[in-house]
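A.B. asks: Before we start, here is the structure in question, set down as structure tokens.
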Number of protein chains: 2
Amino acid sequence: MSFDPPLQKKAEQDETTELRPKFNADGLIAAIAQDADTNEILMLAWMNEDALRATMETGRGTYWSRSRQALWIKGETSGHTQDVVEILIDCDQDSVLLKVRQTGGACHTGRKSCFYRQIDPETQQLWKD
Amino acid sequence: MSFDPPLQKKAEQDETTELRPKFNADGLIAAIAQDADTNEILMLAWMNEDALRATMETGRGTYWSRSRQALWIKGETSGHTQDVVEILIDCDQDSVLLKVRQTGGACHTGRKSCFYRQIDPETQQLWKD
């Protein structure tokens, strides 16, 4: 089953209470995962229709792996699963925000968050946590 | 001046302390804006090289407007500017996280955050704040 298409009028898309996700030319929507308790940002990944539907149906963070071109149930191999507490969608419905309870690190490097480096704007070097 | 290219080896890109942003086929990188004080997610937008450089140089949230195909200094017309406190970059350097102090609403609808609707997974309807 497909999702309903986005509404043509921007203001209607912004205010509708119908789920009408706007997938990009590659059929993807951006998905931010945020720790439901601390509000820390854990990762940014991508979802296709199947991944969004699976996340809604199973309550487990599920994405589309662009590198593997395959559905990616987060933690399926690593055990670092995401229990989804809430799913929010933005004004034009082209990105979602998952509030999750993360088991283990969200990042494939083993870190809790993928955002472990800060840009020094002066030197363009990165500081690591 | 261009940024240095991403490193070929994934593990090196993950650990380097050099800024080597990975722009997509459209020359863009995803940018999350988060309230520096409350950690609330305000919006997700896009940056090209110029937008990232301008954000680093000016400390004002600057994006690429895909609809207008133009550099977009956040708040330039609305007054709803973003003072950037910190810029973080993720493991493969294809998304950035801005911690900001937001004046007025971050969303063009006037709301503080673009993520004002929650998906009800059962009914597929959206609840509004």
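Lettering and numbering for the structure tokens are positional, with chains as A, B, ... in the shown order, residues counted from 1 in each chain, and ligands counted from 1 in the shown order.
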Could you make a table, as a tab-separated table, of the residues of chain A that have an atom within 6 Å of an atom of chain B, each with its nearest atom pair and distance in Å to one decimal, counting only C-alpha atoms, in chain and number order?

C.D. replies:
```
residue	atom	partner	partner_atom	distance
A:Thr17	CA	B:Leu126	CA	4.6
A:Glu18	CA	B:Gln125	CA	5.0
A:Leu19	CA	B:Gln125	CA	5.7
A:Asn39	CA	B:Asn39	CA	5.7
A:Met56	CA	B:Pro121	CA	5.1
A:Ile87	CA	B:Ile119	CA	5.5
A:Leu88	CA	B:Gln118	CA	4.2
A:Ile89	CA	B:Phe115	CA	5.4
A:Asp90	CA	B:Phe115	CA	4.3
A:Cys91	CA	B:Cys114	CA	5.3
A:Cys114	CA	B:Asp90	CA	4.9
A:Phe115	CA	B:Asp90	CA	4.3
A:Arg117	CA	B:Leu88	CA	5.6
A:Gln118	CA	B:Leu88	CA	4.2
A:Ile119	CA	B:Ile87	CA	5.5
A:Pro121	CA	B:Met56	CA	5.1
A:Gln124	CA	B:Leu19	CA	5.9
A:Gln125	CA	B:Glu18	CA	5.0
A:Leu126	CA	B:Thr17	CA	4.6
```

A.B. asks: Would you mind exporting the chosen residues as a PDB file, in the first residue's frame, restricted to N, CA, C and O atoms?

C.D. replies:
```pdb
ATOM      1  N   THR A  17      -3.796  17.281   8.358  1.00  0.00           N
ATOM      2  CA  THR A  17      -3.594  16.258   9.385  1.00  0.00           C
ATOM      3  C   THR A  17      -3.538  14.869   8.752  1.00  0.00           C
ATOM      4  O   THR A  17      -3.631  13.869   9.446  1.00  0.00           O
ATOM      5  N   GLU A  18      -3.374  14.839   7.435  1.00  0.00           N
ATOM      6  CA  GLU A  18      -3.186  13.573   6.726  1.00  0.00           C
ATOM      7  C   GLU A  18      -1.694  13.341   6.487  1.00  0.00           C
ATOM      8  O   GLU A  18      -0.969  14.275   6.129  1.00  0.00           O
ATOM      9  N   LEU A  19      -1.284  12.118   6.647  1.00  0.00           N
ATOM     10  CA  LEU A  19       0.113  11.770   6.364  1.00  0.00           C
ATOM     11  C   LEU A  19       0.307  11.700   4.850  1.00  0.00           C
ATOM     12  O   LEU A  19      -0.294  10.852   4.178  1.00  0.00           O
ATOM     13  N   ASN A  39      17.207  14.122  24.411  1.00  0.00           N
ATOM     14  CA  ASN A  39      17.100  14.967  23.206  1.00  0.00           C
ATOM     15  C   ASN A  39      18.409  15.047  22.414  1.00  0.00           C
ATOM     16  O   ASN A  39      18.523  15.861  21.495  1.00  0.00           O
ATOM     17  N   MET A  56       6.690   2.508  11.302  1.00  0.00           N
ATOM     18  CA  MET A  56       5.370   2.759  11.891  1.00  0.00           C
ATOM     19  C   MET A  56       4.735   1.464  12.398  1.00  0.00           C
ATOM     20  O   MET A  56       4.121   1.437  13.458  1.00  0.00           O
ATOM     21  N   ILE A  87       7.022   9.537  16.316  1.00  0.00           N
ATOM     22  CA  ILE A  87       7.478   9.955  14.983  1.00  0.00           C
ATOM     23  C   ILE A  87       6.826  11.294  14.664  1.00  0.00           C
ATOM     24  O   ILE A  87       5.602  11.397  14.634  1.00  0.00           O
ATOM     25  N   LEU A  88       7.657  12.291  14.427  1.00  0.00           N
ATOM     26  CA  LEU A  88       7.163  13.617  14.038  1.00  0.00           C
ATOM     27  C   LEU A  88       7.523  13.855  12.575  1.00  0.00           C
ATOM     28  O   LEU A  88       8.499  13.275  12.065  1.00  0.00           O
ATOM     29  N   ILE A  89       6.735  14.687  11.914  1.00  0.00           N
ATOM     30  CA  ILE A  89       7.019  14.996  10.504  1.00  0.00           C
ATOM     31  C   ILE A  89       7.010  16.506  10.327  1.00  0.00           C
ATOM     32  O   ILE A  89       6.304  17.213  11.057  1.00  0.00           O
ATOM     33  N   ASP A  90       7.812  17.002   9.396  1.00  0.00           N
ATOM     34  CA  ASP A  90       7.954  18.462   9.315  1.00  0.00           C
ATOM     35  C   ASP A  90       6.914  19.087   8.389  1.00  0.00           C
ATOM     36  O   ASP A  90       6.078  18.405   7.810  1.00  0.00           O
ATOM     37  N   CYS A  91       6.994  20.413   8.269  1.00  0.00           N
ATOM     38  CA  CYS A  91       5.950  21.196   7.607  1.00  0.00           C
ATOM     39  C   CYS A  91       5.624  20.670   6.209  1.00  0.00           C
ATOM     40  O   CYS A  91       4.462  20.412   5.912  1.00  0.00           O
ATOM     41  N   CYS A 114      26.390   9.817  15.951  1.00  0.00           N
ATOM     42  CA  CYS A 114      27.266  10.018  14.787  1.00  0.00           C
ATOM     43  C   CYS A 114      27.906  11.402  14.787  1.00  0.00           C
ATOM     44  O   CYS A 114      28.884  11.632  14.080  1.00  0.00           O
ATOM     45  N   PHE A 115      27.361  12.326  15.582  1.00  0.00           N
ATOM     46  CA  PHE A 115      27.851  13.716  15.551  1.00  0.00           C
ATOM     47  C   PHE A 115      28.885  13.916  16.659  1.00  0.00           C
ATOM     48  O   PHE A 115      28.646  14.648  17.616  1.00  0.00           O
ATOM     49  N   ARG A 117      32.110  14.947  16.162  1.00  0.00           N
ATOM     50  CA  ARG A 117      33.164  15.904  15.818  1.00  0.00           C
ATOM     51  C   ARG A 117      32.570  17.290  15.605  1.00  0.00           C
ATOM     52  O   ARG A 117      31.534  17.445  14.950  1.00  0.00           O
ATOM     53  N   GLN A 118      33.282  18.260  16.146  1.00  0.00           N
ATOM     54  CA  GLN A 118      32.829  19.652  16.052  1.00  0.00           C
ATOM     55  C   GLN A 118      33.753  20.386  15.089  1.00  0.00           C
ATOM     56  O   GLN A 118      34.972  20.215  15.132  1.00  0.00           O
ATOM     57  N   ILE A 119      33.170  21.204  14.215  1.00  0.00           N
ATOM     58  CA  ILE A 119      33.965  21.979  13.269  1.00  0.00           C
ATOM     59  C   ILE A 119      34.488  23.243  13.950  1.00  0.00           C
ATOM     60  O   ILE A 119      33.712  23.994  14.544  1.00  0.00           O
ATOM     61  N   PRO A 121      35.474  26.655  13.075  1.00  0.00           N
ATOM     62  CA  PRO A 121      35.293  27.477  11.870  1.00  0.00           C
ATOM     63  C   PRO A 121      36.564  28.239  11.478  1.00  0.00           C
ATOM     64  O   PRO A 121      36.740  28.586  10.308  1.00  0.00           O
ATOM     65  N   GLN A 124      39.108  25.140  10.311  1.00  0.00           N
ATOM     66  CA  GLN A 124      38.489  24.076   9.512  1.00  0.00           C
ATOM     67  C   GLN A 124      38.932  22.682   9.946  1.00  0.00           C
ATOM     68  O   GLN A 124      38.833  21.732   9.178  1.00  0.00           O
ATOM     69  N   GLN A 125      39.465  22.603  11.160  1.00  0.00           N
ATOM     70  CA  GLN A 125      39.786  21.292  11.712  1.00  0.00           C
ATOM     71  C   GLN A 125      38.603  20.816  12.549  1.00  0.00           C
ATOM     72  O   GLN A 125      37.734  21.605  12.923  1.00  0.00           O
ATOM     73  N   LEU A 126      38.594  19.522  12.825  1.00  0.00           N
ATOM     74  CA  LEU A 126      37.517  18.942  13.623  1.00  0.00           C
ATOM     75  C   LEU A 126      38.052  18.561  14.994  1.00  0.00           C
ATOM     76  O   LEU A 126      39.142  18.016  15.116  1.00  0.00           O
TER      77      LEU A 126
END
```

A.B. asks: Would you mind writing down, as a compact mmCIF listing (two decimals) with N, CA and C atoms, in the first residue's frame, each residue of region 44-88 of chain A that DSSP on the backbone assigns to strand (DSSP E or B)?

C.D. replies:
```txt
# COMPACT_ATOMS: atom_id res chain seq x y z
N LEU A 44 21.51 10.80 11.38
CA LEU A 44 20.59 11.17 10.31
C LEU A 44 20.71 10.08 9.25
N ALA A 45 19.57 9.53 8.85
CA ALA A 45 19.58 8.48 7.84
C ALA A 45 18.42 8.71 6.87
N TRP A 46 18.13 7.72 6.05
CA TRP A 46 17.14 7.87 4.99
C TRP A 46 16.12 6.76 5.05
N MET A 47 14.92 7.07 4.65
CA MET A 47 13.85 6.08 4.58
C MET A 47 13.21 6.13 3.20
N ARG A 60 10.20 -0.21 15.41
CA ARG A 60 11.67 -0.32 15.40
C ARG A 60 12.23 0.55 14.29
N THR A 62 13.76 1.73 11.25
CA THR A 62 14.08 1.01 10.02
C THR A 62 14.33 2.04 8.92
N TYR A 63 15.42 1.85 8.21
CA TYR A 63 15.88 2.84 7.23
C TYR A 63 16.13 2.17 5.88
N TRP A 64 16.55 3.01 4.93
CA TRP A 64 17.01 2.51 3.64
C TRP A 64 18.51 2.76 3.58
N SER A 65 19.27 1.71 3.40
CA SER A 65 20.72 1.86 3.29
C SER A 65 21.05 2.24 1.86
N ALA A 70 19.38 -1.44 0.32
CA ALA A 70 18.56 -2.48 0.96
C ALA A 70 17.89 -1.90 2.20
N LEU A 71 16.76 -2.50 2.57
CA LEU A 71 16.09 -2.12 3.80
C LEU A 71 17.03 -2.45 4.97
N TRP A 72 17.07 -1.57 5.96
CA TRP A 72 18.05 -1.70 7.03
C TRP A 72 17.31 -1.55 8.35
N ILE A 73 17.05 -2.69 8.98
CA ILE A 73 16.45 -2.67 10.32
C ILE A 73 17.58 -2.38 11.29
N GLN A 82 16.71 0.39 17.85
CA GLN A 82 16.04 1.63 18.24
C GLN A 82 14.56 1.36 18.48
N ASP A 83 14.11 1.55 19.70
CA ASP A 83 12.68 1.51 19.99
C ASP A 83 12.12 2.90 19.75
N VAL A 84 11.15 2.98 18.87
CA VAL A 84 10.62 4.29 18.47
C VAL A 84 9.48 4.68 19.40
N VAL A 85 9.64 5.83 20.04
CA VAL A 85 8.65 6.32 21.00
C VAL A 85 7.65 7.24 20.30
N GLU A 86 8.15 8.03 19.36
CA GLU A 86 7.32 9.03 18.67
C GLU A 86 7.89 9.27 17.29
N ILE A 87 7.02 9.54 16.32
CA ILE A 87 7.48 9.95 14.98
C ILE A 87 6.83 11.29 14.66
N LEU A 88 7.66 12.29 14.43
CA LEU A 88 7.16 13.62 14.04
C LEU A 88 7.52 13.85 12.58
```

A.B. asks: Which parts of region 1-125 of chain B does DSSP call helix (DSSP H, G or I) when run on the backbone here, written out as a list in words?

C.D. replies: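 For region 1-125 of chain B, the helix (DSSP H, G or I) set is Lys10, Ala11, Glu12, Gln13, Asp14, Glu15, Glu49, Asp50, Ala51, Leu52, Arg53, Ala54, Thr55, Met56, Glu57 and Thr58 of chain B.
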
A.B. asks: Please dump the current selection as a short mmCIF file (atom, residue, chain, number, x, y, z; two decimals), in the first residue's frame; keep all heavy atoms.

C.D. replies:
```
data_model
loop_
_atom_site.label_atom_id
_atom_site.label_comp_id
_atom_site.auth_asym_id
_atom_site.auth_seq_id
_atom_site.Cartn_x
_atom_site.Cartn_y
_atom_site.Cartn_z
N LYS B 10 36.47 4.48 4.08
CA LYS B 10 35.39 4.89 4.98
C LYS B 10 35.89 5.09 6.41
O LYS B 10 35.52 6.07 7.06
CB LYS B 10 34.29 3.80 4.99
CG LYS B 10 33.33 3.90 3.82
CD LYS B 10 32.33 2.75 3.84
CE LYS B 10 31.47 2.77 5.10
NZ LYS B 10 30.08 3.18 4.84
N ALA B 11 36.73 4.18 6.89
CA ALA B 11 37.18 4.27 8.29
C ALA B 11 38.03 5.52 8.50
O ALA B 11 38.01 6.13 9.58
CB ALA B 11 37.97 3.02 8.68
N GLU B 12 38.76 5.93 7.46
CA GLU B 12 39.57 7.16 7.58
C GLU B 12 38.67 8.40 7.57
O GLU B 12 38.91 9.36 8.30
CB GLU B 12 40.60 7.22 6.45
CG GLU B 12 41.69 6.16 6.64
CD GLU B 12 42.73 6.15 5.52
OE1 GLU B 12 42.68 7.02 4.62
OE2 GLU B 12 43.59 5.24 5.55
N GLN B 13 37.65 8.38 6.73
CA GLN B 13 36.70 9.50 6.69
C GLN B 13 36.00 9.64 8.05
O GLN B 13 35.75 10.75 8.53
CB GLN B 13 35.68 9.25 5.57
CG GLN B 13 34.57 10.29 5.44
CD GLN B 13 35.02 11.61 4.80
OE1 GLN B 13 36.19 11.83 4.53
NE2 GLN B 13 34.07 12.50 4.60
N ASP B 14 35.72 8.50 8.68
CA ASP B 14 35.05 8.50 9.99
C ASP B 14 35.91 9.12 11.09
O ASP B 14 35.38 9.64 12.07
CB ASP B 14 34.75 7.06 10.45
CG ASP B 14 33.67 6.39 9.65
OD1 ASP B 14 32.90 7.08 8.94
OD2 ASP B 14 33.58 5.14 9.72
N GLU B 15 37.23 8.97 10.96
CA GLU B 15 38.11 9.35 12.08
C GLU B 15 38.97 10.58 11.83
O GLU B 15 39.61 11.08 12.75
CB GLU B 15 39.02 8.16 12.46
CG GLU B 15 38.27 6.91 12.92
CD GLU B 15 37.40 7.12 14.16
OE1 GLU B 15 37.68 8.05 14.95
OE2 GLU B 15 36.42 6.38 14.33
N GLU B 49 28.16 24.15 -0.78
CA GLU B 49 29.47 24.58 -0.27
C GLU B 49 29.42 26.02 0.24
O GLU B 49 29.93 26.33 1.32
CB GLU B 49 30.54 24.48 -1.37
CG GLU B 49 30.99 23.07 -1.65
CD GLU B 49 32.44 23.06 -2.20
OE1 GLU B 49 33.10 24.12 -2.22
OE2 GLU B 49 32.90 21.97 -2.57
N ASP B 50 28.81 26.90 -0.56
CA ASP B 50 28.76 28.32 -0.18
C ASP B 50 28.01 28.52 1.12
O ASP B 50 28.39 29.36 1.95
CB ASP B 50 28.09 29.15 -1.29
CG ASP B 50 28.97 29.27 -2.52
OD1 ASP B 50 30.18 28.97 -2.43
OD2 ASP B 50 28.45 29.67 -3.58
N ALA B 51 26.92 27.77 1.30
CA ALA B 51 26.10 27.93 2.52
C ALA B 51 26.88 27.46 3.74
O ALA B 51 26.85 28.11 4.79
CB ALA B 51 24.80 27.15 2.37
N LEU B 52 27.58 26.34 3.61
CA LEU B 52 28.37 25.84 4.74
C LEU B 52 29.48 26.83 5.07
O LEU B 52 29.72 27.17 6.24
CB LEU B 52 28.94 24.45 4.42
CG LEU B 52 29.84 23.84 5.50
CD1 LEU B 52 29.16 23.75 6.86
CD2 LEU B 52 30.33 22.45 5.06
N ARG B 53 30.14 27.31 4.03
CA ARG B 53 31.23 28.27 4.27
C ARG B 53 30.70 29.55 4.92
O ARG B 53 31.28 30.06 5.88
CB ARG B 53 31.95 28.59 2.95
CG ARG B 53 33.20 29.42 3.14
CD ARG B 53 34.06 29.43 1.90
NE ARG B 53 34.42 28.09 1.49
CZ ARG B 53 35.35 27.35 2.08
NH1 ARG B 53 36.03 27.83 3.12
NH2 ARG B 53 35.61 26.15 1.65
N ALA B 54 29.56 30.04 4.42
CA ALA B 54 28.99 31.28 4.97
C ALA B 54 28.59 31.08 6.43
O ALA B 54 28.81 31.95 7.27
CB ALA B 54 27.78 31.72 4.14
N THR B 55 28.02 29.92 6.73
CA THR B 55 27.63 29.63 8.12
C THR B 55 28.86 29.64 9.02
O THR B 55 28.84 30.21 10.12
CB THR B 55 26.91 28.26 8.19
OG1 THR B 55 25.75 28.32 7.38
CG2 THR B 55 26.52 27.93 9.62
N MET B 56 29.96 29.02 8.55
CA MET B 56 31.20 28.99 9.33
C MET B 56 31.78 30.39 9.49
O MET B 56 32.28 30.75 10.56
CB MET B 56 32.23 28.06 8.66
CG MET B 56 31.84 26.59 8.73
SD MET B 56 32.88 25.52 7.66
CE MET B 56 34.50 25.87 8.33
N GLU B 57 31.74 31.18 8.43
CA GLU B 57 32.41 32.48 8.47
C GLU B 57 31.61 33.54 9.20
O GLU B 57 32.18 34.42 9.86
CB GLU B 57 32.71 32.96 7.03
CG GLU B 57 33.84 32.15 6.40
CD GLU B 57 34.15 32.55 4.97
OE1 GLU B 57 33.42 33.41 4.42
OE2 GLU B 57 35.10 32.01 4.40
N THR B 58 30.27 33.47 9.10
CA THR B 58 29.45 34.55 9.66
C THR B 58 28.82 34.17 10.99
O THR B 58 28.34 35.05 11.72
CB THR B 58 28.30 34.92 8.71
OG1 THR B 58 27.41 33.80 8.61
CG2 THR B 58 28.83 35.29 7.32
#
```
